[in-house]
$ cat data_10.cif   # mmCIF, C-alpha atoms
data_work
#
loop_
_atom_site.label_atom_id
_atom_site.label_comp_id
_atom_site.auth_asym_id
_atom_site.auth_seq_id
_atom_site.Cartn_x
_atom_site.Cartn_y
_atom_site.Cartn_z
CA MET A 1 -21.67 3.27 -17.67
CA ALA A 2 -23.32 2.80 -21.05
CA LYS A 3 -24.89 -0.56 -20.18
CA TYR A 4 -26.98 0.96 -17.37
CA GLN A 5 -30.09 3.01 -18.11
CA LYS A 6 -30.72 6.47 -16.68
CA TYR A 7 -33.69 7.86 -14.78
CA ALA A 8 -36.46 9.32 -16.94
CA GLU A 9 -36.23 12.85 -15.52
CA TYR A 10 -33.48 14.86 -13.83
CA LYS A 11 -33.18 18.22 -12.13
CA ASP A 12 -30.32 20.47 -11.09
CA SER A 13 -29.36 19.68 -7.51
CA GLY A 14 -27.97 23.18 -7.03
CA VAL A 15 -24.81 21.60 -5.61
CA LYS A 16 -21.71 21.51 -7.78
CA TRP A 17 -20.53 18.27 -6.15
CA LEU A 18 -23.74 16.50 -7.24
CA GLY A 19 -24.80 18.09 -10.53
CA LEU A 20 -28.00 16.63 -11.98
CA ILE A 21 -30.00 14.23 -9.81
CA PRO A 22 -33.24 12.26 -10.41
CA LYS A 23 -36.31 14.49 -10.23
CA HIS A 24 -37.77 12.78 -7.14
CA TRP A 25 -34.47 12.96 -5.20
CA SER A 26 -33.18 15.91 -3.19
CA SER A 27 -30.09 16.87 -1.23
CA TYR A 28 -29.58 17.87 2.39
CA LEU A 29 -26.90 18.07 5.04
CA PHE A 30 -25.62 14.68 6.17
CA LYS A 31 -26.59 15.48 9.78
CA ARG A 32 -30.29 15.30 8.77
CA VAL A 33 -29.97 11.53 8.49
CA VAL A 34 -27.56 11.11 11.44
CA SER A 35 -28.84 10.29 14.93
CA ASP A 36 -25.45 10.48 16.68
CA ILE A 37 -21.74 10.83 16.02
CA LYS A 38 -18.75 10.11 18.26
CA ASP A 39 -15.05 9.61 17.79
CA GLY A 40 -12.43 7.46 19.48
CA THR A 41 -10.47 8.21 22.62
CA HIS A 42 -8.54 11.46 22.98
CA GLY A 43 -6.63 10.14 25.99
CA THR A 44 -3.20 8.60 26.39
CA HIS A 45 -3.22 4.97 27.44
CA ALA A 46 -0.55 2.58 28.67
CA ARG A 47 0.44 -0.23 26.33
CA VAL A 48 0.32 -3.77 27.70
CA GLU A 49 1.00 -7.24 26.30
CA ASN A 50 -2.25 -8.84 27.42
CA GLY A 51 -5.16 -6.47 27.04
CA GLU A 52 -7.66 -5.18 24.50
CA LEU A 53 -6.84 -3.82 21.04
CA LEU A 54 -6.56 -0.07 20.50
CA LEU A 55 -7.05 0.62 16.79
CA SER A 56 -6.73 3.77 14.69
CA ALA A 57 -7.28 5.15 11.19
CA LYS A 58 -4.46 2.98 9.85
CA ASN A 59 -6.64 -0.07 10.52
CA VAL A 60 -9.74 1.23 8.71
CA PHE A 61 -10.23 0.55 5.00
CA ASN A 62 -13.22 0.63 2.67
CA SER A 63 -13.10 -3.16 2.65
CA GLY A 64 -13.16 -3.39 6.46
CA LEU A 65 -10.66 -3.63 9.32
CA GLU A 66 -7.07 -4.75 8.79
CA ILE A 67 -5.41 -5.84 12.01
CA GLY A 68 -1.70 -6.66 11.90
CA GLU A 69 0.70 -8.43 14.23
CA ASN A 70 2.14 -5.31 15.89
CA GLU A 71 -1.01 -3.61 17.13
CA SER A 72 -1.30 -1.72 20.42
CA TYR A 73 -3.01 -3.32 23.41
CA ILE A 74 -4.34 -1.39 26.41
CA PRO A 75 -5.53 -2.38 29.90
CA ILE A 76 -9.05 -3.79 30.06
CA LYS A 77 -10.02 -0.95 32.42
CA ASP A 78 -9.09 1.62 29.73
CA TYR A 79 -10.90 -0.36 27.05
CA LYS A 80 -14.12 -0.40 29.11
CA GLU A 81 -13.85 3.33 29.71
CA ILE A 82 -13.37 4.06 25.97
CA THR A 83 -16.30 1.91 24.84
CA SER A 84 -18.66 2.77 27.72
CA ASN A 85 -20.53 5.23 25.47
CA GLY A 86 -21.68 2.32 23.28
CA PHE A 87 -19.62 3.23 20.22
CA PRO A 88 -19.04 1.69 17.84
CA GLN A 89 -21.88 -0.77 17.57
CA LYS A 90 -23.01 -3.01 14.73
CA GLY A 91 -24.37 -0.91 11.86
CA ASP A 92 -22.41 2.29 12.63
CA ILE A 93 -20.37 3.83 9.80
CA LEU A 94 -16.69 4.20 10.69
CA VAL A 95 -14.88 7.07 8.93
CA THR A 96 -11.19 8.00 9.15
CA CYS A 97 -10.70 11.68 9.98
CA VAL A 98 -6.92 11.98 10.51
CA GLY A 99 -4.13 11.05 8.09
CA THR A 100 -5.76 9.28 5.14
CA ILE A 101 -9.18 10.87 5.46
CA GLY A 102 -12.49 9.46 4.23
CA ARG A 103 -11.99 5.70 4.31
CA SER A 104 -15.15 4.08 5.65
CA PHE A 105 -16.98 0.83 6.31
CA VAL A 106 -20.05 -0.37 8.16
CA TYR A 107 -19.10 -1.88 11.53
CA PRO A 108 -20.09 -5.58 11.45
CA PHE A 109 -19.26 -6.77 14.98
CA ASP A 110 -21.46 -7.25 18.04
CA LYS A 111 -18.60 -6.28 20.38
CA SER A 112 -17.25 -2.73 20.43
CA LEU A 113 -13.53 -2.31 19.70
CA ALA A 114 -11.55 0.62 21.10
CA PHE A 115 -10.37 3.26 18.63
CA GLN A 116 -8.24 6.38 18.82
CA ARG A 117 -9.72 9.76 17.89
CA SER A 118 -8.54 9.38 14.27
CA VAL A 119 -11.75 7.38 13.65
CA SER A 120 -15.31 8.72 13.92
CA PHE A 121 -18.49 6.64 14.30
CA ILE A 122 -21.66 7.79 12.55
CA ARG A 123 -25.01 6.32 13.60
CA LEU A 124 -27.91 6.91 11.21
CA ASN A 125 -31.58 7.43 11.97
CA LYS A 126 -34.40 5.45 10.32
CA LYS A 127 -34.17 7.52 7.12
CA GLY A 128 -30.75 6.16 6.21
CA ASN A 129 -29.30 2.85 5.08
CA ALA A 130 -25.76 2.58 6.44
CA GLN A 131 -24.35 0.68 3.47
CA PHE A 132 -25.76 3.25 1.01
CA TYR A 133 -24.20 6.16 2.87
CA LYS A 134 -20.96 4.22 3.28
CA TYR A 135 -20.81 4.09 -0.52
CA PHE A 136 -21.76 7.77 -0.72
CA ILE A 137 -18.78 8.57 1.52
CA GLU A 138 -16.59 6.73 -1.02
CA SER A 139 -18.03 8.72 -3.94
CA LYS A 140 -16.34 11.66 -5.63
CA ALA A 141 -19.25 13.89 -4.55
CA TYR A 142 -18.42 13.36 -0.87
CA GLN A 143 -14.63 13.02 -1.15
CA SER A 144 -14.45 16.36 -2.98
CA GLN A 145 -16.18 18.02 -0.05
CA LEU A 146 -13.80 16.41 2.45
CA GLU A 147 -10.77 17.64 0.50
CA SER A 148 -12.03 21.22 0.83
CA LEU A 149 -12.47 20.81 4.61
CA VAL A 150 -9.13 19.23 5.57
CA LYS A 151 -7.26 21.15 8.25
CA SER A 152 -3.56 21.71 7.64
CA SER A 153 -1.36 19.82 10.08
CA ALA A 154 1.48 17.32 10.07
CA GLN A 155 -0.97 14.51 9.24
CA GLY A 156 -3.95 16.45 7.97
CA GLY A 157 -7.32 16.10 9.62
CA ILE A 158 -10.98 17.00 9.60
CA TYR A 159 -13.22 17.91 12.53
CA MET A 160 -15.78 15.29 13.49
CA GLY A 161 -18.63 17.76 13.06
CA ASP A 162 -17.50 18.64 9.54
CA LEU A 163 -18.04 15.03 8.45
CA ILE A 164 -21.80 15.48 8.77
CA ASN A 165 -22.00 19.14 7.72
CA THR A 166 -21.52 17.92 4.17
CA VAL A 167 -24.17 17.64 1.45
CA VAL A 168 -25.50 14.17 0.71
CA ILE A 169 -28.29 12.59 -1.32
CA ASN A 170 -31.81 12.20 0.06
CA CYS A 171 -33.63 9.44 -1.82
CA PRO A 172 -36.31 6.89 -0.83
CA LEU A 173 -35.09 4.24 1.61
CA ASP A 174 -36.02 1.36 -0.70
CA GLU A 175 -33.82 2.89 -3.42
CA GLN A 176 -30.96 3.30 -0.95
CA VAL A 177 -31.21 -0.41 -0.12
CA ASN A 178 -31.34 -1.46 -3.76
CA ILE A 179 -28.40 0.76 -4.71
CA ALA A 180 -26.39 -0.64 -1.79
CA ASN A 181 -27.20 -4.24 -2.78
CA PHE A 182 -26.30 -3.51 -6.40
CA LEU A 183 -22.97 -1.99 -5.40
CA ASP A 184 -22.23 -4.83 -2.96
CA HIS A 185 -22.55 -7.28 -5.83
CA GLU A 186 -20.78 -5.27 -8.53
CA THR A 187 -17.88 -4.03 -6.40
CA ALA A 188 -17.35 -7.58 -5.08
CA LYS A 189 -16.83 -8.75 -8.67
CA ILE A 190 -14.38 -5.92 -9.34
CA ASP A 191 -12.56 -6.55 -6.04
CA THR A 192 -12.17 -10.23 -6.95
CA LEU A 193 -10.57 -9.28 -10.27
CA ILE A 194 -8.27 -6.79 -8.53
CA ALA A 195 -7.25 -9.44 -5.97
CA LYS A 196 -6.34 -11.84 -8.80
CA GLN A 197 -4.09 -9.22 -10.41
CA GLU A 198 -2.51 -8.40 -7.05
CA LYS A 199 -1.83 -12.11 -6.51
CA LEU A 200 -0.27 -12.30 -9.97
CA ILE A 201 2.07 -9.41 -9.10
CA GLU A 202 3.00 -11.12 -5.83
CA LEU A 203 3.78 -14.38 -7.66
CA LEU A 204 5.82 -12.54 -10.30
CA LYS A 205 7.91 -10.89 -7.57
CA GLU A 206 8.48 -14.23 -5.86
CA LYS A 207 9.44 -15.85 -9.17
CA ARG A 208 11.75 -12.93 -10.00
CA GLN A 209 13.68 -13.33 -6.76
CA ALA A 210 13.84 -17.11 -7.22
CA VAL A 211 15.20 -16.73 -10.78
CA ILE A 212 17.83 -14.21 -9.65
CA SER A 213 18.88 -16.32 -6.64
CA HIS A 214 19.19 -19.50 -8.71
CA ALA A 215 21.15 -17.83 -11.52
CA VAL A 216 23.72 -16.10 -9.29
CA THR A 217 24.41 -19.20 -7.18
CA ASN A 218 23.89 -22.07 -9.66
CA GLY A 219 24.79 -20.50 -13.00
CA LEU A 220 23.10 -21.15 -16.33
CA ASN A 221 24.39 -24.65 -17.11
CA PRO A 222 22.06 -27.27 -15.58
CA ASP A 223 24.63 -30.04 -16.19
CA VAL A 224 27.56 -28.43 -14.37
CA THR A 225 29.14 -30.34 -11.46
CA MET A 226 28.24 -28.77 -8.12
CA LYS A 227 30.06 -28.49 -4.77
CA ASP A 228 29.12 -27.39 -1.27
CA SER A 229 30.03 -23.72 -0.87
CA GLY A 230 30.38 -24.02 2.90
CA VAL A 231 28.22 -20.89 3.14
CA GLU A 232 24.73 -21.59 4.47
CA TRP A 233 22.87 -19.01 2.40
CA LEU A 234 24.68 -19.97 -0.83
CA GLY A 235 24.34 -23.74 -0.61
CA GLN A 236 25.56 -25.73 -3.62
CA VAL A 237 27.51 -23.82 -6.32
CA PRO A 238 29.30 -24.82 -9.53
CA GLU A 239 32.53 -26.69 -8.77
CA HIS A 240 34.78 -24.32 -10.75
CA TRP A 241 33.49 -21.13 -9.06
CA VAL A 242 35.62 -19.46 -6.38
CA ILE A 243 34.25 -19.17 -2.84
CA GLY A 244 35.37 -15.96 -1.23
CA ARG A 245 34.04 -12.96 0.64
CA LEU A 246 32.44 -9.72 -0.51
CA LYS A 247 35.72 -7.90 0.21
CA ASN A 248 37.30 -9.92 -2.63
CA VAL A 249 35.22 -8.02 -5.21
CA LEU A 250 34.74 -4.53 -3.74
CA SER A 251 35.70 -2.09 -1.01
CA ILE A 252 33.26 -0.14 1.14
CA LYS A 253 33.31 3.63 1.70
CA ASN A 254 31.32 5.72 4.15
CA GLY A 255 28.73 8.25 3.05
CA ARG A 256 28.74 11.75 4.55
CA ASP A 257 26.29 14.33 5.79
CA TYR A 258 24.92 16.24 2.79
CA LYS A 259 23.69 19.44 4.43
CA THR A 260 26.81 21.49 3.67
CA VAL A 261 26.57 20.66 -0.05
CA GLU A 262 22.79 20.62 -0.51
CA VAL A 263 21.36 22.61 -3.44
CA GLU A 264 17.79 23.16 -4.59
CA ILE A 265 18.34 22.58 -8.31
CA GLY A 266 21.06 21.13 -10.52
CA GLY A 267 24.01 19.41 -8.90
CA TYR A 268 24.40 15.71 -8.28
CA PRO A 269 21.99 13.15 -6.82
CA VAL A 270 22.12 12.43 -3.09
CA TYR A 271 21.17 8.83 -2.30
CA GLY A 272 19.49 7.53 0.80
CA SER A 273 18.11 4.04 1.37
CA GLY A 274 14.99 4.89 -0.64
CA GLY A 275 16.87 6.31 -3.63
CA ILE A 276 17.49 9.92 -4.68
CA PHE A 277 15.98 12.46 -2.27
CA LYS A 278 18.26 15.56 -2.47
CA ARG A 279 20.77 17.28 -4.77
CA SER A 280 24.34 18.31 -3.92
CA SER A 281 26.95 20.73 -5.28
CA ALA A 282 29.70 18.09 -4.89
CA TYR A 283 30.05 14.34 -5.35
CA LEU A 284 31.72 11.55 -3.40
CA TYR A 285 32.21 9.13 -6.27
CA ASP A 286 32.06 8.97 -10.05
CA GLY A 287 31.38 5.56 -11.56
CA VAL A 288 29.37 2.37 -11.10
CA SER A 289 28.71 1.51 -7.47
CA ILE A 290 26.51 -0.62 -5.26
CA LEU A 291 25.04 1.21 -2.27
CA PHE A 292 24.24 -0.49 1.03
CA GLY A 293 22.23 0.93 3.91
CA ARG A 294 24.36 1.36 7.04
CA LYS A 295 21.51 2.30 9.35
CA GLY A 296 17.73 2.13 9.04
CA THR A 297 16.83 0.33 5.80
CA VAL A 298 19.75 -2.08 5.40
CA ASP A 299 18.19 -4.72 3.14
CA LYS A 300 17.75 -2.81 -0.14
CA PRO A 301 21.00 -2.45 -2.11
CA LEU A 302 21.01 0.03 -5.01
CA LEU A 303 23.01 -0.13 -8.25
CA VAL A 304 23.95 3.39 -9.41
CA GLU A 305 26.21 4.97 -12.00
CA GLY A 306 27.76 8.42 -12.50
CA ARG A 307 28.61 11.16 -10.03
CA PHE A 308 26.73 10.97 -6.74
CA TRP A 309 26.72 11.64 -3.01
CA THR A 310 25.52 9.24 -0.33
CA VAL A 311 24.20 10.20 3.10
CA ASP A 312 26.08 9.23 6.26
CA THR A 313 23.69 6.31 6.87
CA MET A 314 24.60 4.77 3.51
CA PHE A 315 27.72 2.94 2.32
CA TYR A 316 28.92 3.16 -1.26
CA SER A 317 31.34 0.73 -2.89
CA GLU A 318 34.30 0.78 -5.24
CA LEU A 319 34.25 -2.34 -7.41
CA ASP A 320 37.40 -4.28 -8.26
CA ALA A 321 38.52 -4.53 -11.87
CA GLY A 322 37.43 -7.70 -13.64
CA THR A 323 34.06 -7.88 -11.92
CA ASP A 324 30.63 -7.31 -13.42
CA PRO A 325 28.73 -4.73 -11.31
CA GLU A 326 25.31 -6.11 -12.26
CA TYR A 327 26.26 -9.64 -11.21
CA ILE A 328 27.53 -8.41 -7.83
CA TYR A 329 24.36 -6.36 -7.38
CA PHE A 330 22.10 -9.29 -8.26
CA GLN A 331 23.91 -11.54 -5.79
CA SER A 332 23.65 -8.81 -3.12
CA LEU A 333 19.83 -8.86 -3.40
CA GLY A 334 19.90 -12.27 -1.71
CA PHE A 335 22.28 -11.36 1.16
CA PRO A 336 21.03 -12.50 4.61
CA PHE A 337 20.62 -8.94 5.88
CA ASP A 338 18.64 -10.09 8.90
CA MET A 339 21.77 -11.88 10.12
CA LEU A 340 23.97 -8.84 9.46
CA SER A 341 21.83 -6.15 11.09
CA THR A 342 21.71 -5.36 14.78
CA ASN A 343 18.57 -6.27 16.68
CA THR A 344 17.70 -2.72 17.70
CA ALA A 345 14.89 -0.23 17.09
CA LEU A 346 16.97 1.20 14.22
CA PRO A 347 18.79 -1.68 12.49
CA SER A 348 22.41 -1.02 11.54
CA MET A 349 25.20 -2.88 9.76
CA THR A 350 28.98 -2.60 10.03
CA GLN A 351 31.51 -2.49 7.19
CA GLU A 352 33.35 -5.44 8.71
CA ASP A 353 30.29 -7.71 8.82
CA LEU A 354 29.30 -6.77 5.28
CA LEU A 355 32.78 -7.23 3.79
CA ASN A 356 33.27 -10.62 5.48
CA LEU A 357 30.03 -11.99 4.08
CA GLY A 358 30.48 -15.19 2.05
CA PHE A 359 30.41 -14.50 -1.70
CA VAL A 360 30.65 -16.79 -4.72
CA ILE A 361 32.75 -15.57 -7.65
CA PRO A 362 32.21 -17.08 -11.12
CA PRO A 363 34.59 -16.39 -14.03
CA TYR A 364 34.02 -12.92 -15.52
CA ASN A 365 32.44 -14.24 -18.73
CA GLU A 366 29.89 -16.20 -16.68
CA GLN A 367 29.16 -13.16 -14.53
CA LYS A 368 28.31 -11.22 -17.69
CA ALA A 369 26.19 -14.03 -19.13
CA ILE A 370 24.25 -14.39 -15.87
CA SER A 371 23.63 -10.62 -15.73
CA GLU A 372 22.36 -10.56 -19.30
CA TYR A 373 20.10 -13.55 -18.62
CA ILE A 374 18.62 -11.90 -15.54
CA GLN A 375 18.15 -8.55 -17.32
CA ASP A 376 16.30 -10.29 -20.15
CA TYR A 377 14.07 -12.10 -17.65
CA LEU A 378 13.40 -8.89 -15.72
CA LYS A 379 12.25 -7.09 -18.88
CA LYS A 380 9.62 -9.78 -19.48
CA SER A 381 8.62 -9.93 -15.82
CA ASN A 382 8.37 -6.14 -15.49
CA SER A 383 6.23 -5.99 -18.62
CA LEU A 384 3.77 -8.48 -17.10
CA MET A 385 3.72 -6.56 -13.81
CA LYS A 386 3.05 -3.25 -15.58
CA LYS A 387 0.12 -4.83 -17.42
CA ALA A 388 -1.26 -6.17 -14.13
CA GLU A 389 -0.77 -2.78 -12.41
CA SER A 390 -2.49 -1.02 -15.32
CA ALA A 391 -5.40 -3.47 -15.11
CA ILE A 392 -5.71 -2.80 -11.36
CA GLN A 393 -5.74 0.96 -11.92
CA LEU A 394 -8.44 0.69 -14.60
CA MET A 395 -10.58 -1.55 -12.37
CA GLN A 396 -10.17 0.80 -9.40
CA GLU A 397 -11.22 3.73 -11.60
CA ARG A 398 -14.22 1.75 -12.81
CA ARG A 399 -15.14 0.88 -9.22
CA THR A 400 -14.99 4.53 -8.16
CA ALA A 401 -16.99 5.67 -11.20
CA LEU A 402 -19.65 2.99 -10.66
CA ILE A 403 -20.12 3.94 -7.01
CA SER A 404 -20.34 7.65 -7.82
CA SER A 405 -22.81 7.05 -10.66
CA ALA A 406 -25.09 4.85 -8.55
CA VAL A 407 -25.25 6.95 -5.38
CA THR A 408 -25.79 10.24 -7.24
CA GLY A 409 -28.48 8.83 -9.55
CA LYS A 410 -26.56 8.97 -12.81
CA ILE A 411 -27.71 5.38 -13.41
CA ASP A 412 -31.04 3.78 -12.49
CA VAL A 413 -30.72 0.43 -10.72
CA ARG A 414 -34.19 0.29 -9.19
CA ASN A 415 -35.05 -2.79 -11.21
CA TRP A 416 -31.74 -4.53 -10.55
CA GLN A 417 -32.01 -8.01 -9.06
CA HIS A 418 -29.29 -10.17 -7.63
CA PRO A 419 -28.52 -12.88 -10.25
CA ASN A 420 -29.26 -15.66 -7.76
CA GLU A 421 -32.69 -14.19 -6.96
CA ALA A 422 -33.47 -13.75 -10.64
CA LYS A 423 -32.61 -17.43 -11.31
CA THR A 424 -34.87 -18.51 -8.44
CA GLU A 425 -37.81 -16.57 -9.87
CA LEU A 426 -37.27 -18.11 -13.30
CA SER A 427 -37.16 -21.61 -11.88
CA LEU A 428 -40.46 -21.04 -10.09
#
$ encode --input "data_10.cif" --output "structure tokens"
Amino acid sequence: MAKYQKYAEYKDSGVKWLGLIPKHWSSYLFKRVVSDIKDGTHGTHARVENGELLLSAKNVFNSGLEIGENESYIPIKDYKEITSNGFPQKGDILVTCVGTIGRSFVYPFDKSLAFQRSVSFIRLNKKGNAQFYKYFIESKAYQSQLESLVKSSAQGGIYMGDLINTVVINCPLDEQVNIANFLDHETAKIDTLIAKQEKLIELLKEKRQAVISHAVTNGLNPDVTMKDSGVEWLGQVPEHWVIGRLKNVLSIKNGRDYKTVEVEIGGYPVYGSGGIFKRSSAYLYDGVSILFGRKGTVDKPLLVEGRFWTVDTMFYSELDAGTDPEYIYFQSLGFPFDMLSTNTALPSMTQEDLLNLGFVIPPYNEQKAISEYIQDYLKKSNSLMKKAESAIQLMQERRTALISSAVTGKIDVRNWQHPNEAKTELSL
């Protein structure tokens, strides 16, 4: 924060979370600036197709509300009962108090939405600027206090009253407003840069899948004669490639329950659909294999090597001689898993459906060349993604540090002016 000046005089706040604060500031319990606090419904409500939204902590972020396609809806009668106390209303601070604790934003809507008890609503008195205290809730000084107050449970939680029995800054209202305006402007710039890097990562992932899909179905020679594969998801393929089924290049084996062979340390990796999650004293297979989810997550094949065990909801494969494992794996990433899986609450896939899936088989030397081409591309793509991820992390750290510095008085922004306002004054 070297480019920002400090206040002329500081004093010890007497609170380890705050450290030194400007001489004319003080600290007090959050409840001193709070006029009321409520939380969402504690009741159980029927879910309906046509009703009002019932939101929870998973919808609340520092940037605002995120409402997805699969949200819960409740009867209008229940909605009216939940919101009859007048919470939340425009200007209240919403804070998550179950699960991911301490996300907050200032409620911007004229209409009250219904929330579950995992969200609390804080209404300030005339001494407090909601946007300033929203940023204070984001700061390390406040988050550190929340961490010490979390109650142990399956999700983790904090009592509504504890949210306002925390220590916060007491500074003049005009400074609160200026600090909030400064942070609105500066964090918006940082958020824009973060969004650009996130978009870059999204585009790199899309390009990666497109490169893999094109290479494994079209090959590397742009001038090769093509033919219709007769398989919808494969489309046109090189004329000299063989059209077959997955069973022509591998056989499928069932995983097994791991509990009888589970060990705490050492042993062999146990694979589930998300990768390694346990260790075992025995192994089911030793070699290169492609793993396919049988139940649950069925659309994320894994390429593994060595001795391993797979759970009973996971298939492993034995590859035929004369095939390149990486090529088969790369082609498997584009399988139409949505067509193969059952339309149930827990998707599942059968060996028969998987083995009878259309598969294109190039000559072995082309399989190897395609694999090497893709691996080379992935190295470059992954390098770009790591740089973008690193940039995002640095910007997020800067954002957090800037907020903490401003709301605890480590920097003095009393004379800060919005660039547009400054330009207007100059033009006058």
$ atom_distance --input "data_10.cif" --atom1 "CA of Pro22 (chain A)" --atom2 "CA of Ser63 (chain A)"
28.5 Å
$ resolve_selection --input "data_10.cif" --expression "the PyMOL selection byres ((chain A and resi 126) around 9)" --output "list in words"
Val33, Val34, Ser35, Leu124, Asn125, Lys127, Gly128, Asn129 and Leu173 of chain A
$ residues_around --input "data_10.cif" --residues "Met349 (chain A)" --least-positions-apart "6" --cutoff "8 Å" --atoms "only C-alpha atoms" --output "NGL selection string"
:A and (293-295 or 298 or 340-342)
$ write_last_selection --input "data_10.cif" --atoms "C-alpha atoms" --output "JSON list (two decimals), keeping the file's coordinate frame"
[["chain", "number", "residue", "atom", "x", "y", "z"],
["A", 293, "GLY", "CA", 22.23, 0.93, 3.91],
["A", 294, "ARG", "CA", 24.36, 1.36, 7.04],
["A", 295, "LYS", "CA", 21.51, 2.30, 9.35],
["A", 298, "VAL", "CA", 19.75, -2.08, 5.40],
["A", 340, "LEU", "CA", 23.97, -8.84, 9.46],
["A", 341, "SER", "CA", 21.83, -6.15, 11.09],
["A", 342, "THR", "CA", 21.71, -5.36, 14.78]]
$ axis_aligned_box --input "data_10.cif" --around "region 376-395 of chain A" --padding-each-side "8 Å" --output "AutoDock Vina command-line options"
--center_x 2.9 --center_y -5.6 --center_z -15.8 --size_x 42.9 --size_y 29.1 --size_z 24.8
$ resolve_selection --input "data_10.cif" --expression "the PyMOL selection byres ((chain A and resi 362-366) around 12)" --output "ChimeraX atom specification"
/A:215-221,237-244,249,320-328,331,359-361,367-373
$ atom_distance --input "data_10.cif" --atom1 "CA of Phe121 (chain A)" --atom2 "CA of Gly157 (chain A)"
15.4 Å
$ residues_around --input "data_10.cif" --residues "Pro172 (chain A)" --least-positions-apart "4" --cutoff "12 Å" --atoms "only C-alpha atoms" --output "JSON, numbers by chain"
{"A": [22, 24, 25, 26, 27, 126, 127, 128, 129, 132, 176, 177, 178, 179, 407, 409, 414]}
$ closest_residue --input "data_10.cif" --among "A:Asp228, A:Asp223, A:Glu69, A:Glu138" --to "Leu94 (chain A)" --atoms "only C-alpha atoms"
A:Glu138
$ build_atoms --input "data_10.cif" --residues "region 55-68 of chain A" --atoms "N, CA and C atoms" --output "JSON list (two decimals), in the frame of the given file"
[["chain", "number", "residue", "atom", "x", "y", "z"],
["A", 55, "LEU", "N", -7.24, 0.44, 18.22],
["A", 55, "LEU", "CA", -7.05, 0.62, 16.79],
["A", 55, "LEU", "C", -7.11, 2.09, 16.41],
["A", 56, "SER", "N", -6.76, 2.38, 15.16],
["A", 56, "SER", "CA", -6.73, 3.77, 14.69],
["A", 56, "SER", "C", -7.08, 3.81, 13.21],
["A", 57, "ALA", "N", -6.93, 4.99, 12.60],
["A", 57, "ALA", "CA", -7.28, 5.15, 11.19],
["A", 57, "ALA", "C", -6.49, 4.22, 10.29],
["A", 58, "LYS", "N", -5.28, 3.85, 10.70],
["A", 58, "LYS", "CA", -4.46, 2.98, 9.85],
["A", 58, "LYS", "C", -5.06, 1.59, 9.70],
["A", 59, "ASN", "N", -5.99, 1.24, 10.59],
["A", 59, "ASN", "CA", -6.64, -0.07, 10.52],
["A", 59, "ASN", "C", -7.92, -0.08, 9.70],
["A", 60, "VAL", "N", -8.42, 1.11, 9.35],
["A", 60, "VAL", "CA", -9.74, 1.23, 8.71],
["A", 60, "VAL", "C", -9.59, 1.40, 7.20],
["A", 61, "PHE", "N", -10.23, 0.50, 6.45],
["A", 61, "PHE", "CA", -10.23, 0.55, 5.00],
["A", 61, "PHE", "C", -11.66, 0.41, 4.49],
["A", 62, "ASN", "N", -11.88, 0.77, 3.24],
["A", 62, "ASN", "CA", -13.22, 0.63, 2.67],
["A", 62, "ASN", "C", -13.70, -0.81, 2.66],
["A", 63, "SER", "N", -12.76, -1.74, 2.67],
["A", 63, "SER", "CA", -13.10, -3.16, 2.65],
["A", 63, "SER", "C", -13.32, -3.72, 4.06],
["A", 64, "GLY", "N", -12.99, -2.92, 5.10],
["A", 64, "GLY", "CA", -13.16, -3.39, 6.46],
["A", 64, "GLY", "C", -11.93, -3.11, 7.31],
["A", 65, "LEU", "N", -11.80, -3.81, 8.43],
["A", 65, "LEU", "CA", -10.66, -3.63, 9.32],
["A", 65, "LEU", "C", -9.49, -4.50, 8.88],
["A", 66, "GLU", "N", -8.29, -3.96, 8.99],
["A", 66, "GLU", "CA", -7.07, -4.75, 8.79],
["A", 66, "GLU", "C", -6.26, -4.66, 10.06],
["A", 67, "ILE", "N", -6.11, -5.79, 10.73],
["A", 67, "ILE", "CA", -5.41, -5.84, 12.01],
["A", 67, "ILE", "C", -4.13, -6.65, 11.83],
["A", 68, "GLY", "N", -2.99, -6.02, 12.10],
["A", 68, "GLY", "CA", -1.70, -6.66, 11.90],
["A", 68, "GLY", "C", -1.16, -7.31, 13.17]]
